[in-house]
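Engineer: Okay, here's the structure, questions in a sec.
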Amino acid sequence: MEPAGGERRGEVSLDKGRQDPTRYEPGEGCVTTLVRIPVRIVVLVLVVPVRMVWDVLAGCAKTVDRAVLRPVGRALRWLGRTLVVTPLRALGAAAAWLGRTLIAAPLAWLYRQVLTPVGRVLRRLGGAIAAGLALAGRGLGGALVWLGKAVFVWPWVGLWRFVVVPLACGVVWLGRTVIVAPVVWVYRRVLTPVGRGIAWLVRVLGVGIAAGARGMGAGGTWLVRHLLVLPAQWTYRRLLTPLGHGIAWLARGAGVALVWLGKAVFVWPWVGLWRFVVVPLACGVVWLGRTVIVAPVVWVYRRVLTPVGHGIAWLVRNLVAVVAALLRWTLVVPAVVLWRHVLRPLWRALSATVRVVVRETADTFGHCWRVAGRVSRGIGRLLGTLLRWIFVDPFRRAYRTVLTPVGHALRDSVWRPAREAVRDAGRAARQALTTARETARQTRQEIRRALFGSREQRVREPVRADAVPPLAGPGAPDARTLGSSTTALTKD
């Protein structure tokens, strides 16, 4: 326990020596204290009459609103609804009917009877124009196709059909007639029999030579060489080789001629057109464009626009830099210095002072307004009590003690008997009128029954159609005229 207590005592001593500093407690400053009391006194003196006047005006306004403005508003609303809204609705309905009658119906009729047929006619006309344009386009396309064929196809087709094919047929016929037919004839009529004869001779001579060679030896060999080998070699070298060379030369010549003809017909015209027309014309156009347009534009861009643009850019950069520096050192820097070191501290001090004054004034106004309300309420209650004591209570006492008994006495002794007498007189008059009306109606019925009979008798005894009326005589009644009447009640 002692070490623990010693440690506690040590800790307590350390805590006592390490006390925190006292914090600043925010309170009311000197400005608040100096401003509050005078402002409250002045505001209380000024606000109490204003609050009393305000309460009087508020009461009068409520009375005027309840007694005057609301009935006037209801009357104005009724008048507005009667004189403005209802006529405007009627005018709107009339305007709508007039719009439907004078605008919508004519427009609908115009759309149905005029615009729709015109639109249909225009649609048909547009279809006809489109069909004509399509036909014209097809005709123009056919003309362009025909022109293309006439310029690019038909010349080559005609050249092929009427030049190249006949020429090739002639060349083939000439080659067949001049070269192939003689060669075939020579081959069939000369070389084949000669070859067959030589072969037969060679076989016969070979058999004989072989038989003689077996018997003769060297003499047979010399004879075979001089009779077969040397003539065969001479025939090959002096006859067949030149003939083959001639045929090959003719074939090469025919091929060269055909190639030259193909180039002359198909290649050289286009090559000449390309080399001597298209290329020089394109080169001329390119040279003209480069000389007339590109070179001047490039020269103007390099020698005029580029230096001028560089100079303008340099001038603008320098002007902007100079103006920025002038504005910075003449306006921005002084304004910043003025704001930081003069206006902002002054603004902070003024804002703090004004804020304190405004807050205290507002609090004072609120407090004085509440106090003035209580004072005004007390004065109002006092005045109301005095008015009730002076005017209301005597009038109420006089009404209850004097006017009410007098009114009841007048009601019971004068008003009720007079009302009952008037009511009885009216009831007797109504009964007399009803009786007189019934008597007159019964009298008229009796007179009519005495003169004309009852309705049942007229139904039971109908008048015959063949009955002859009596003739007018001295004793007969007068005939009916415009001035006379047959009714018993109106007859003189």
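Going by the structure tokens order, chains are called A, B, ..., each with residues numbered from 1, while ligands are numbered from 1 in the order shown.
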Excluding stretch 47-62 of chain A and any residue of its chain fewer than 5 positions from it, enumerate the residues within 9 Å of it, using only C-alpha atoms, and give them as a PyMOL selection string.
Structural biologist: chain A and resi 42+67+365+368-369+371-373+375-377+379-380
Engineer: Export, as an mmCIF file, in the first residue's frame, the selected residues with N, CA and C atoms.
Structural biologist:
```cif
data_model
loop_
_atom_site.group_PDB
_atom_site.id
_atom_site.type_symbol
_atom_site.label_atom_id
_atom_site.label_comp_id
_atom_site.auth_asym_id
_atom_site.auth_seq_id
_atom_site.Cartn_x
_atom_site.Cartn_y
_atom_site.Cartn_z
ATOM 1 N N VAL A 42 -33.024 55.024 -26.353
ATOM 2 C CA VAL A 42 -33.561 55.785 -27.483
ATOM 3 C C VAL A 42 -34.624 54.979 -28.222
ATOM 4 N N ALA A 67 -65.494 44.291 -41.865
ATOM 5 C CA ALA A 67 -66.760 44.985 -42.085
ATOM 6 C C ALA A 67 -66.915 45.549 -43.490
ATOM 7 N N PHE A 365 -34.185 46.643 -30.743
ATOM 8 C CA PHE A 365 -35.488 46.822 -31.367
ATOM 9 C C PHE A 365 -36.434 45.680 -31.008
ATOM 10 N N CYS A 368 -37.395 46.130 -27.259
ATOM 11 C CA CYS A 368 -38.288 47.275 -27.073
ATOM 12 C C CYS A 368 -39.635 47.051 -27.741
ATOM 13 N N TRP A 369 -39.624 46.324 -28.891
ATOM 14 C CA TRP A 369 -40.899 46.035 -29.548
ATOM 15 C C TRP A 369 -41.774 45.145 -28.674
ATOM 16 N N VAL A 371 -41.557 44.951 -25.341
ATOM 17 C CA VAL A 371 -41.966 45.769 -24.187
ATOM 18 C C VAL A 371 -43.078 46.726 -24.581
ATOM 19 N N ALA A 372 -42.915 47.370 -25.798
ATOM 20 C CA ALA A 372 -43.951 48.285 -26.262
ATOM 21 C C ALA A 372 -45.256 47.549 -26.520
ATOM 22 N N GLY A 373 -45.178 46.308 -26.960
ATOM 23 C CA GLY A 373 -46.393 45.515 -27.140
ATOM 24 C C GLY A 373 -47.113 45.283 -25.833
ATOM 25 N N VAL A 375 -46.850 47.204 -23.161
ATOM 26 C CA VAL A 375 -47.384 48.506 -22.727
ATOM 27 C C VAL A 375 -48.639 48.845 -23.515
ATOM 28 N N SER A 376 -48.586 48.651 -24.848
ATOM 29 C CA SER A 376 -49.751 48.947 -25.686
ATOM 30 C C SER A 376 -50.929 48.055 -25.323
ATOM 31 N N ARG A 377 -50.623 46.776 -24.991
ATOM 32 C CA ARG A 377 -51.719 45.901 -24.602
ATOM 33 C C ARG A 377 -52.348 46.371 -23.296
ATOM 34 N N ILE A 379 -52.390 49.515 -22.117
ATOM 35 C CA ILE A 379 -53.150 50.733 -22.393
ATOM 36 C C ILE A 379 -54.444 50.401 -23.132
ATOM 37 N N GLY A 380 -54.369 49.466 -24.070
ATOM 38 C CA GLY A 380 -55.570 49.072 -24.799
ATOM 39 C C GLY A 380 -56.607 48.441 -23.883
#
```
Engineer: Please compute the atom CA of A:Pro166-atom CA of A:Gly253 distance, one decimal, in Å.
Structural biologist: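 Computing the Euclidean distance for atom CA of A:Pro166 and atom CA of A:Gly253 yields 18.8 Å.
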Engineer: Do you know which residues are at most 12 Å from stretch 185-200 of chain A counting only C-alpha atoms, after dropping those on the same chain fewer than 2 positions away, and could you put them as a list in words?
Structural biologist: Arg176, Thr177, Val178, Ile179, Val180, Ala181, Pro182, Val183, Val202, Arg203, Val204, Leu205, Gly206, Val207, Leu227, Leu228, Val229, Pro231, Ala232, Thr235, Tyr236, Leu239, Leu240 and Leu243 of chain A
